[in-house]
>>> print(open('protein.cif').read())   # mmCIF, C-alpha atoms
data_target
loop_
_atom_site.label_atom_id
_atom_site.label_comp_id
_atom_site.auth_asym_id
_atom_site.auth_seq_id
_atom_site.Cartn_x
_atom_site.Cartn_y
_atom_site.Cartn_z
CA MET A 967 79.50 162.55 122.82
CA ALA A 968 81.92 159.90 121.71
CA ALA A 969 84.68 160.36 119.15
CA LEU A 970 85.42 157.78 116.49
CA ARG A 971 88.91 157.85 114.99
CA LEU A 972 89.66 156.90 111.43
CA GLY A 973 90.27 153.22 110.94
CA SER A 974 87.72 152.08 113.53
CA LEU A 975 84.15 151.60 112.37
CA PRO A 976 81.19 151.61 114.74
CA PRO A 977 79.85 148.14 115.49
CA PRO A 978 77.34 147.36 112.73
CA THR A 979 75.64 144.42 114.38
CA LEU A 980 71.90 144.19 114.81
CA THR A 981 70.52 142.48 117.86
CA GLY A 982 66.82 142.87 118.35
CA ILE A 983 66.07 146.55 117.92
CA THR A 984 69.06 148.71 117.06
CA VAL A 985 69.19 152.48 117.39
CA THR A 986 71.47 153.75 114.65
CA LYS A 987 73.61 156.77 115.34
CA LYS A 988 74.77 159.19 112.69
CA CYS A 989 78.47 159.82 112.10
CA GLU A 990 79.71 163.22 111.05
CA ARG A 991 83.14 164.39 109.97
CA PHE A 992 85.33 166.48 112.24
CA ASN A 993 88.99 167.35 111.72
CA GLY A 994 89.64 164.40 109.47
CA GLY A 995 87.74 161.92 111.64
CA PHE A 996 84.20 161.07 112.63
CA LYS A 997 82.04 161.94 115.58
CA VAL A 998 79.11 159.83 116.63
CA VAL A 999 76.00 161.82 117.43
CA GLY A 1000 72.47 160.84 118.35
CA ASP A 1001 69.62 160.75 115.88
CA GLY A 1002 68.17 164.13 115.08
CA GLY A 1003 67.27 166.27 112.12
CA GLY A 1004 65.09 169.25 111.45
CA ASP A 1005 61.70 170.10 112.82
CA ASN A 1006 60.12 167.44 110.61
CA GLY A 1007 62.62 164.78 111.59
CA PHE A 1008 64.47 164.71 108.26
CA PRO A 1009 68.23 164.07 108.34
CA PRO A 1010 70.08 167.38 107.98
CA PHE A 1011 72.07 166.15 104.98
CA LEU A 1012 68.98 165.80 102.78
CA PRO A 1013 68.33 168.66 100.33
CA LYS A 1014 65.94 171.30 101.62
CA GLU A 1015 63.59 170.41 98.76
CA ILE A 1016 62.47 167.40 100.83
CA GLU A 1017 60.15 169.80 102.65
CA LYS A 1018 58.15 170.33 99.43
CA ILE A 1019 57.41 166.63 98.93
CA LYS A 1020 53.88 165.62 99.92
CA ASP A 1021 54.00 161.84 99.45
CA PRO A 1022 53.70 160.47 103.03
CA PHE A 1023 55.56 157.27 102.12
CA ALA A 1024 58.51 159.27 100.76
CA ARG A 1025 58.55 161.55 103.80
CA ASN A 1026 58.44 158.62 106.21
CA LEU A 1027 61.24 156.72 104.50
CA ALA A 1028 63.34 159.88 104.17
CA ARG A 1029 63.28 160.26 107.95
CA ARG A 1030 64.94 156.85 108.25
CA ILE A 1031 67.83 157.48 105.88
CA LYS A 1032 71.19 157.19 107.63
CA ARG A 1033 74.79 157.69 106.64
CA LEU A 1034 77.22 154.91 107.55
CA PRO A 1035 81.01 155.17 107.22
CA VAL A 1036 82.17 152.79 104.50
CA GLN A 1037 85.87 152.20 104.15
CA ILE A 1038 87.40 152.62 100.72
CA GLY A 1039 90.99 152.52 99.54
CA CYS A 1040 93.46 153.04 102.36
CA SER A 1041 92.56 152.37 105.98
CA GLU A 1042 91.90 156.05 106.70
CA SER A 1043 89.53 156.72 103.83
CA TYR A 1044 85.77 156.52 104.34
CA ILE A 1045 82.63 157.56 102.51
CA MET A 1046 79.60 158.46 104.57
CA SER A 1047 77.12 156.29 102.68
CA SER A 1048 73.35 156.71 102.73
CA CYS A 1049 70.92 153.86 103.22
CA VAL A 1050 67.87 152.73 105.17
CA GLN A 1051 68.77 150.14 107.79
CA PRO A 1052 66.45 147.43 109.10
CA LEU A 1053 65.22 147.87 112.64
CA ALA A 1054 65.73 144.22 113.52
CA GLN A 1055 67.78 141.24 112.45
CA THR A 1056 66.03 138.04 111.38
CA ASP A 1057 67.19 134.46 111.08
CA ALA A 1058 66.70 134.50 107.33
CA ASN A 1059 69.21 136.11 105.02
CA PRO A 1060 68.58 139.84 104.45
CA VAL A 1061 67.11 141.51 101.38
CA ALA A 1062 69.15 144.32 99.80
CA LEU A 1063 67.25 146.79 97.62
CA LEU A 1064 69.03 148.67 94.84
CA HIS A 1065 67.48 151.43 92.74
CA CYS A 1066 67.28 152.45 89.08
CA PHE A 1067 69.77 154.59 87.20
CA ASP A 1068 70.21 158.06 88.66
CA SER A 1069 67.81 157.52 91.54
CA SER A 1070 67.84 156.83 95.28
CA CYS A 1071 66.58 154.51 98.00
CA LEU A 1072 63.37 156.58 98.10
CA GLU A 1073 62.25 154.45 95.16
CA TRP A 1074 61.32 151.85 97.76
CA ARG A 1075 59.11 154.23 99.75
CA ARG A 1076 55.91 152.20 99.20
CA ALA A 1077 57.38 148.71 99.29
CA TYR A 1078 59.83 149.04 102.19
CA PRO A 1079 57.21 149.22 104.99
CA LEU A 1080 55.50 146.14 103.52
CA LEU A 1081 58.78 144.23 103.45
CA GLU A 1082 59.21 145.00 107.15
CA GLU A 1083 55.63 143.95 107.86
CA SER A 1084 56.33 140.64 106.15
CA GLY A 1085 59.16 139.99 108.61
CA LEU A 1086 62.07 140.45 106.20
CA GLU A 1087 65.31 142.18 107.13
CA ALA A 1088 65.54 144.78 104.37
CA TRP A 1089 68.29 147.22 103.47
CA ALA A 1090 67.51 150.03 100.99
CA LEU A 1091 70.87 151.13 99.60
CA ASP A 1092 72.10 154.12 97.62
CA ILE A 1093 74.57 153.17 94.89
CA LEU A 1094 77.77 155.24 94.94
CA GLY A 1095 77.31 158.40 92.89
CA TRP A 1096 73.54 158.49 93.34
CA GLY A 1097 71.32 158.91 96.39
CA PHE A 1098 72.34 160.99 99.40
CA SER A 1099 75.85 159.93 100.43
CA ASP A 1100 78.52 162.50 101.33
CA LEU A 1101 80.76 162.81 98.28
CA GLY A 1102 81.80 166.37 98.90
CA SER A 1103 81.08 169.48 96.86
CA SER A 1104 83.24 170.21 93.84
CA SER A 1105 81.13 171.91 91.15
CA ARG A 1106 79.92 175.44 90.75
CA ARG A 1107 76.17 175.55 90.99
CA LEU A 1108 74.38 177.02 87.99
CA THR A 1109 70.99 178.51 88.82
CA ILE A 1110 68.45 178.00 86.03
CA SER A 1111 65.31 180.09 86.00
CA THR A 1112 61.87 178.66 85.37
CA GLY A 1113 61.67 180.39 82.00
CA PHE A 1114 65.00 178.91 81.01
CA VAL A 1115 63.75 175.43 81.82
CA PHE A 1116 60.96 175.74 79.29
CA MET A 1117 63.15 176.89 76.40
CA SER A 1118 63.64 174.53 73.51
CA ILE A 1119 65.79 171.53 74.27
CA PHE A 1120 68.47 172.50 71.77
CA LEU A 1121 68.74 176.08 72.98
CA ARG A 1122 69.05 174.86 76.56
CA CYS A 1123 71.87 172.49 75.60
CA ALA A 1124 73.72 175.28 73.79
CA LEU A 1125 73.38 177.76 76.65
CA MET A 1126 74.38 175.22 79.30
CA THR A 1127 77.42 174.24 77.23
CA ILE A 1128 78.51 177.89 77.13
CA CYS A 1129 77.89 178.28 80.89
CA VAL A 1130 79.87 175.17 81.75
CA TYR A 1131 82.71 176.37 79.49
CA ILE A 1132 82.79 179.73 81.27
CA PHE A 1133 82.32 178.17 84.74
CA PRO A 1134 84.16 174.84 84.56
CA PRO A 1135 83.86 172.33 87.40
CA LEU A 1136 86.18 173.04 90.28
CA PRO A 1137 88.68 170.41 91.38
CA GLY A 1138 87.48 168.54 94.44
CA ARG A 1139 87.64 165.33 96.41
CA LEU A 1140 84.86 163.48 94.59
CA PRO A 1141 85.74 159.77 94.36
CA PRO A 1142 85.50 158.10 90.94
CA CYS A 1143 81.98 156.88 90.21
CA ASN A 1144 82.73 154.26 87.57
CA VAL A 1145 81.45 150.69 87.67
CA ALA A 1146 84.47 149.32 89.54
CA SER A 1147 84.16 152.01 92.25
CA LYS A 1148 80.43 151.43 92.65
CA ARG A 1149 80.97 147.68 92.95
CA TYR A 1150 83.82 147.99 95.47
CA HIS A 1151 81.93 150.51 97.59
CA PHE A 1152 78.89 148.22 97.69
CA TYR A 1153 81.08 145.27 98.67
CA GLN A 1154 82.71 147.23 101.50
CA LEU A 1155 79.28 148.25 102.81
CA TRP A 1156 78.11 144.63 102.66
CA LYS A 1157 81.30 143.40 104.34
CA SER A 1158 81.08 145.96 107.15
CA TYR A 1159 77.37 145.89 107.91
CA ILE A 1160 75.26 143.24 106.19
CA LYS A 1161 77.81 140.41 106.46
CA ARG A 1162 75.55 137.60 105.24
CA PRO A 1163 74.53 136.31 101.81
CA MET A 1164 71.61 138.43 100.66
CA VAL A 1165 68.68 138.38 98.30
CA LEU A 1166 69.74 141.21 95.99
CA VAL A 1167 66.94 143.14 94.26
CA GLY A 1168 67.67 145.35 91.25
CA PRO A 1169 65.10 147.28 89.17
CA SER A 1170 65.84 148.51 85.63
CA LEU A 1171 69.56 149.41 85.42
CA GLY A 1172 69.81 148.28 89.05
CA ALA A 1173 69.49 144.78 87.60
CA ALA A 1174 72.78 145.33 85.77
CA VAL A 1175 74.33 146.51 89.04
CA ALA A 1176 73.02 143.37 90.75
CA ILE A 1177 74.35 141.02 88.05
CA ASP A 1178 77.75 142.72 88.04
CA PHE A 1179 77.97 142.42 91.82
CA ALA A 1180 76.72 138.82 91.98
CA VAL A 1181 79.29 137.63 89.43
CA ASN A 1182 82.21 139.42 91.12
CA TYR A 1183 81.19 138.62 94.73
CA PRO A 1184 79.13 135.42 94.60
CA GLU A 1185 79.69 134.79 98.30
CA ALA A 1186 77.65 137.92 99.09
CA VAL A 1187 74.56 137.03 97.03
CA GLU A 1188 72.22 134.12 97.73
CA LYS A 1189 69.51 134.98 95.18
CA LEU A 1190 68.69 137.68 92.63
CA VAL A 1191 65.43 139.51 91.93
CA LEU A 1192 65.44 141.57 88.72
CA ILE A 1193 62.53 143.96 88.12
CA ASN A 1194 61.97 145.05 84.50
CA PRO A 1195 65.70 144.54 84.00
CA SER A 1196 67.73 146.68 81.62
CA VAL A 1197 70.87 144.58 81.18
CA TYR A 1198 71.66 144.46 77.47
CA ALA A 1199 72.69 148.07 76.94
CA GLU A 1200 76.43 148.09 76.27
CA GLY A 1201 77.32 150.87 78.66
CA THR A 1202 76.88 154.54 77.86
CA GLY A 1203 78.16 154.05 74.31
CA ASN A 1204 79.23 157.19 72.48
CA LEU A 1205 78.31 159.31 75.49
CA ALA A 1206 81.61 158.17 77.03
CA LYS A 1207 83.46 159.97 74.21
CA LEU A 1208 81.80 163.34 74.72
CA PRO A 1209 84.01 166.28 75.70
CA LYS A 1210 83.59 167.08 79.36
CA VAL A 1211 82.00 170.44 78.59
CA VAL A 1212 79.28 168.77 76.51
CA ALA A 1213 78.82 166.01 79.09
CA TYR A 1214 78.20 168.60 81.82
CA ALA A 1215 75.68 170.41 79.64
CA GLY A 1216 73.82 167.16 78.98
CA VAL A 1217 73.79 166.22 82.65
CA SER A 1218 72.40 169.65 83.53
CA LEU A 1219 69.56 168.93 81.15
CA LEU A 1220 68.84 165.60 82.85
CA LYS A 1221 68.05 167.42 86.06
CA THR A 1222 65.34 169.61 84.55
CA PHE A 1223 61.82 169.12 85.80
CA PRO A 1224 60.10 168.78 82.39
CA LEU A 1225 62.33 165.91 81.30
CA ARG A 1226 61.90 164.10 84.62
CA LEU A 1227 58.14 164.67 84.49
CA TYR A 1228 57.98 163.18 81.00
CA ALA A 1229 59.85 160.08 82.20
CA ASN A 1230 57.53 159.85 85.19
CA LEU A 1231 54.46 159.96 82.95
CA LEU A 1232 55.92 157.08 80.93
CA ALA A 1233 56.70 155.06 84.05
CA PHE A 1234 53.16 155.16 85.49
CA ASP A 1235 49.68 154.75 84.04
CA GLY A 1236 46.55 156.44 85.31
CA ILE A 1237 47.91 158.46 88.22
CA PRO A 1238 46.62 162.00 88.86
CA LEU A 1239 48.74 164.87 87.57
CA SER A 1240 49.23 166.20 91.11
CA LYS A 1241 50.70 162.87 92.19
CA SER A 1242 52.87 162.70 89.08
CA LEU A 1243 54.25 166.15 89.86
CA ASP A 1244 55.03 165.15 93.43
CA TRP A 1245 56.60 161.84 92.43
CA THR A 1246 58.78 163.73 89.94
CA ASN A 1247 60.12 165.78 92.84
CA VAL A 1248 60.80 162.58 94.77
CA GLY A 1249 62.66 161.08 91.83
CA ARG A 1250 64.91 164.09 91.32
CA LEU A 1251 65.53 164.96 94.99
CA HIS A 1252 69.05 163.49 94.91
CA CYS A 1253 69.89 165.77 91.94
CA HIS A 1254 70.09 168.64 94.44
CA MET A 1255 73.11 167.08 96.15
CA PRO A 1256 76.13 169.32 95.49
CA TRP A 1257 78.19 166.50 93.97
CA TRP A 1258 75.46 165.01 91.74
CA LYS A 1259 76.53 166.60 88.48
CA ASP A 1260 80.18 165.59 88.86
CA ALA A 1261 79.29 162.04 89.87
CA THR A 1262 76.92 161.60 86.92
CA VAL A 1263 79.50 162.88 84.43
CA SER A 1264 82.11 160.60 86.02
CA PHE A 1265 79.83 157.62 85.45
CA MET A 1266 78.93 158.69 81.91
CA VAL A 1267 82.49 159.13 80.65
CA SER A 1268 83.63 155.90 82.35
CA GLY A 1269 81.53 153.84 79.95
CA GLY A 1270 78.77 152.69 82.32
CA TYR A 1271 77.47 149.16 82.89
CA ASN A 1272 78.01 146.49 80.25
CA VAL A 1273 77.08 143.11 81.76
CA VAL A 1274 76.13 141.27 78.57
CA SER A 1275 79.07 138.88 78.88
CA LYS A 1276 78.41 138.30 82.59
CA ILE A 1277 74.78 137.20 82.42
CA LYS A 1278 75.59 133.57 81.65
CA GLN A 1279 78.04 133.55 84.57
CA VAL A 1280 75.27 134.13 87.14
CA LYS A 1281 74.92 131.02 89.31
CA GLN A 1282 72.31 132.28 91.75
CA LYS A 1283 68.64 131.41 91.52
CA THR A 1284 66.91 134.39 89.91
CA LEU A 1285 63.38 135.80 89.81
CA ILE A 1286 62.49 138.19 86.98
CA ILE A 1287 59.47 140.45 87.60
CA CYS A 1288 57.91 142.20 84.59
CA GLY A 1289 55.25 144.88 84.44
CA GLU A 1290 52.96 144.14 81.51
CA ASN A 1291 52.39 147.84 80.80
CA ASP A 1292 56.04 148.86 80.93
CA LYS A 1293 56.52 151.65 78.37
CA ILE A 1294 60.23 152.06 79.08
CA VAL A 1295 61.64 148.55 78.73
CA SER A 1296 58.89 146.64 76.97
CA ASN A 1297 58.48 142.92 77.57
CA GLN A 1298 55.64 141.90 75.26
CA LEU A 1299 57.82 139.13 73.83
CA ALA A 1300 59.24 138.05 77.15
CA MET A 1301 57.21 134.88 77.55
CA ALA A 1302 57.40 133.68 73.96
CA ASP A 1303 59.75 130.94 72.84
CA THR A 1304 60.22 131.71 69.16
CA TYR A 1305 59.36 134.51 66.75
CA THR A 1306 59.65 134.43 62.99
CA LEU A 1307 60.92 137.33 60.92
CA GLY A 1308 57.39 137.88 59.63
CA GLU A 1309 56.01 138.13 63.15
CA MET A 1310 58.73 140.61 64.09
CA LYS A 1311 57.90 142.77 61.05
CA SER A 1312 54.21 142.64 61.92
CA LEU A 1313 55.02 143.80 65.44
CA GLN A 1314 57.16 146.63 64.11
CA SER A 1315 54.31 147.70 61.80
CA TYR A 1316 51.92 147.67 64.76
CA LEU A 1317 54.26 149.78 66.87
CA LEU A 1318 54.73 152.32 64.09
CA ASN A 1319 50.97 152.84 64.01
CA THR A 1320 50.58 153.28 67.76
CA ASN A 1321 52.10 155.62 70.31
CA TYR A 1322 55.36 153.69 70.56
CA PHE A 1323 57.37 155.90 68.25
CA MET A 1324 59.98 156.23 70.98
CA VAL A 1325 60.98 154.41 74.12
CA VAL A 1326 62.89 155.78 77.06
CA LEU A 1327 65.55 153.67 78.73
CA ASP A 1328 66.19 154.30 82.41
CA ASP A 1329 64.13 157.49 82.39
CA LEU A 1330 66.71 159.42 80.41
CA VAL A 1331 67.90 158.32 76.97
CA VAL A 1332 65.46 158.48 74.05
CA PHE A 1333 65.77 155.82 71.33
CA PRO A 1334 64.12 155.73 67.87
CA ILE A 1335 61.78 152.99 66.73
CA ASN A 1336 64.48 150.89 65.04
CA LEU A 1337 65.72 149.90 68.50
CA VAL A 1338 62.32 149.07 69.96
CA ILE A 1339 62.37 145.51 68.62
CA TYR A 1340 65.75 144.98 70.24
CA PHE A 1341 64.39 145.88 73.68
CA LEU A 1342 61.26 143.85 73.19
CA THR A 1343 63.34 140.69 72.91
CA CYS A 1344 65.69 141.44 75.83
CA LEU A 1345 63.62 139.84 78.58
CA LYS A 1346 62.97 136.76 76.50
CA ARG A 1347 66.71 136.46 75.93
CA LEU A 1348 67.47 137.08 79.60
CA ARG A 1349 65.07 134.38 80.72
CA PHE A 1350 66.97 131.74 78.76
CA GLU A 1351 70.50 133.03 79.38
CA LEU A 1352 70.10 132.92 83.15
CA PRO A 1353 70.43 129.24 84.04
CA ASN A 1354 68.21 129.32 87.16
CA ALA A 1355 65.65 131.96 86.25
CA SER A 1356 61.88 132.10 86.57
CA MET A 1357 59.61 134.93 85.49
CA GLN A 1358 56.48 136.55 86.91
CA ARG A 1359 54.37 139.11 85.06
CA LEU A 1360 52.31 141.77 86.82
CA PRO A 1361 49.17 142.96 84.99
CA ASP A 1362 48.27 146.66 84.94
CA CYS A 1363 51.79 147.54 86.05
CA GLY A 1364 54.37 149.87 84.52
CA HIS A 1365 58.14 150.18 84.69
CA LEU A 1366 58.54 150.79 88.43
CA CYS A 1367 56.65 147.78 89.74
CA HIS A 1368 57.83 148.33 93.32
CA VAL A 1369 56.18 151.77 93.28
CA ASP A 1370 53.21 150.87 91.09
CA LYS A 1371 52.21 147.56 92.70
CA PRO A 1372 54.18 147.35 95.96
CA ARG A 1373 52.05 144.63 97.59
CA ASN A 1374 52.39 142.33 94.59
CA VAL A 1375 56.13 142.88 94.38
CA VAL A 1376 56.67 142.38 98.11
CA LYS A 1377 54.73 139.12 98.06
CA LEU A 1378 56.83 137.85 95.16
CA ILE A 1379 60.08 138.89 96.87
CA ALA A 1380 59.05 137.43 100.23
CA ASP A 1381 57.94 134.10 98.77
CA PHE A 1382 61.08 133.86 96.65
CA ALA A 1383 63.37 134.81 99.55
CA ARG A 1384 61.86 132.14 101.82
CA ALA A 1385 61.72 129.37 99.23
CA LYS A 1386 64.34 126.66 99.51
#
>>> encode(input="protein.cif", output="structure tokens")
Amino acid sequence: MAALRLGSLPPPTLTGITVTKKCERFNGGFKVVGDGGGDNGFPPFLPKEIEKIKDPFARNLARRIKRLPVQIGCSESYIMSSCVQPLAQTDANPVALLHCFDSSCLEWRRAYPLLEESGLEAWALDILGWGFSDLGSSSRRLTISTGFVFMSIFLRCALMTICVYIFPPLPGRLPPCNVASKRYHFYQLWKSYIKRPMVLVGPSLGAAVAIDFAVNYPEAVEKLVLINPSVYAEGTGNLAKLPKVVAYAGVSLLKTFPLRLYANLLAFDGIPLSKSLDWTNVGRLHCHMPWWKDATVSFMVSGGYNVVSKIKQVKQKTLIICGENDKIVSNQLAMADTYTLGEMKSLQSYLLNTNYFMVVLDDLVVFPINLVIYFLTCLKRLRFELPNASMQRLPDCGHLCHVDKPRNVVKLIADFARAK
């Protein structure tokens, strides 16, 4: 067993087929150990709830998740960062896959094998503060019973606020999870391991992450692919001003199964309830990481992503992929050139008389109808503000196109990545 001292990273090169070794902490350093895991081949750092997931694509991709040491700050500071590495290097530039807000690389469970089959070198990355990286453990864990979960939303918020006040978060070594930290961590991972200009893919809020990164590190990004992008929200807004005790109570609510199930039902059309229940467990698996609550609050109070002023600065060629049945970030006006005030009022009247009384942005925040029109025009606006953008619409597809229609999305990504 070899020892790896701080300040020296393992060689990240890929030549042909590469067997990736895991690195674990020991006495302030790292030790390199062979691949392993539990009886089912899952990495030992994944939450035990992975055993309950039935989706074979999620289970297969989970077995391939690795942690790589990524240098941050001083030369002796590393974060063991989770991702799925490609098995082989190709001549073409790699594809880097981001995920939605408060999610993980398991979002790409259905599309990732198809990307590999198409011959692309694909990296599925966990953004700092989400996914399955090692950020330490600094919060007390509050166990919530099943009955408690099904109480009214307001009563739950009140009780969790009291609990967090009585049991405040413990001081720990959690790194900041604001936008600047997420961007720098991603850059250090790219600089240490990927090392070549990439086709950067960002779904939903991941599109904002991609735009922020592409503008700040243009040398690292060859092209952009934005899937149902959510890029016009101006950060977390008033949530950044919440007292910490209230922020922790709200974040505890975000983890609850009923809320995640509701978001999952919005994201997908026509899937069986059993599959929806299982996919909800996949989507909230990272919430069982011991640092998740602290990292989410850190992001919330930092102000979040606001890339509105950066969109016009994007120089890379960009592909926008839209699901026509997206109920979370609607795009019905995305392909239109102009809309009169009368047409907008007619649309609002139509929405008020259908099921679109509310929309959910990034699976979490509920907005009233007076903001629906704003989101309907976002993709149309984005198409014209990005100087080198084209748009593709996917019929019969919801918010998470890469889960809903993986073959269609992979074909679009592959063709776009290979185009000159």
>>> closest_residue(input="protein.cif", among="A:Ala1186, A:Leu1072, A:Ala1206, A:Ile1379", to="Ser1158 in chain A", atoms="all atoms listed in the file")
A:Ala1186
>>> resolve_selection(input="protein.cif", expression="the PyMOL selection byres ((chain A and resi 1171) around 9)", output="JSON, numbers by chain")
{"A": [1065, 1066, 1067, 1168, 1169, 1170, 1172, 1173, 1174, 1175, 1176, 1194, 1195, 1196, 1197, 1271, 1327, 1328]}
>>> closest_residue(input="protein.cif", among="A:Ala1077, A:Ile1177, A:Cys1049, A:Ala1215", to="Leu1378 in chain A", atoms="only C-alpha atoms")
A:Ala1077
>>> resolve_selection(input="protein.cif", expression="the PyMOL selection byres ((chain A and resi 1363) around 6)", output="PyMOL selection string")
chain A and resi 1289-1291+1360-1362+1364
>>> axis_aligned_box(input="protein.cif", around="range 1011-1029 of chain A", padding_each_side="6 Å", output="JSON")
{"center_x": 62.9, "center_y": 164.0, "center_z": 103.4, "size_x": 30.4, "size_y": 26.6, "size_z": 21.2}
>>> residues_around(input="protein.cif", residues="Asp1244 in chain A", least_positions_apart="4", cutoff="12 Å", atoms="all atoms listed in the file", output="list of chain:residue names")
A:Glu1015, A:Ile1016, A:Glu1017, A:Lys1018, A:Ile1019, A:Lys1020, A:Asp1021, A:Pro1022, A:Phe1023, A:Ala1024, A:Arg1025, A:Phe1223, A:Arg1226, A:Leu1227, A:Asn1230, A:Leu1231, A:Ile1237, A:Pro1238, A:Leu1239, A:Ser1240, A:Val1248, A:Gly1249, A:Arg1250, A:Leu1251
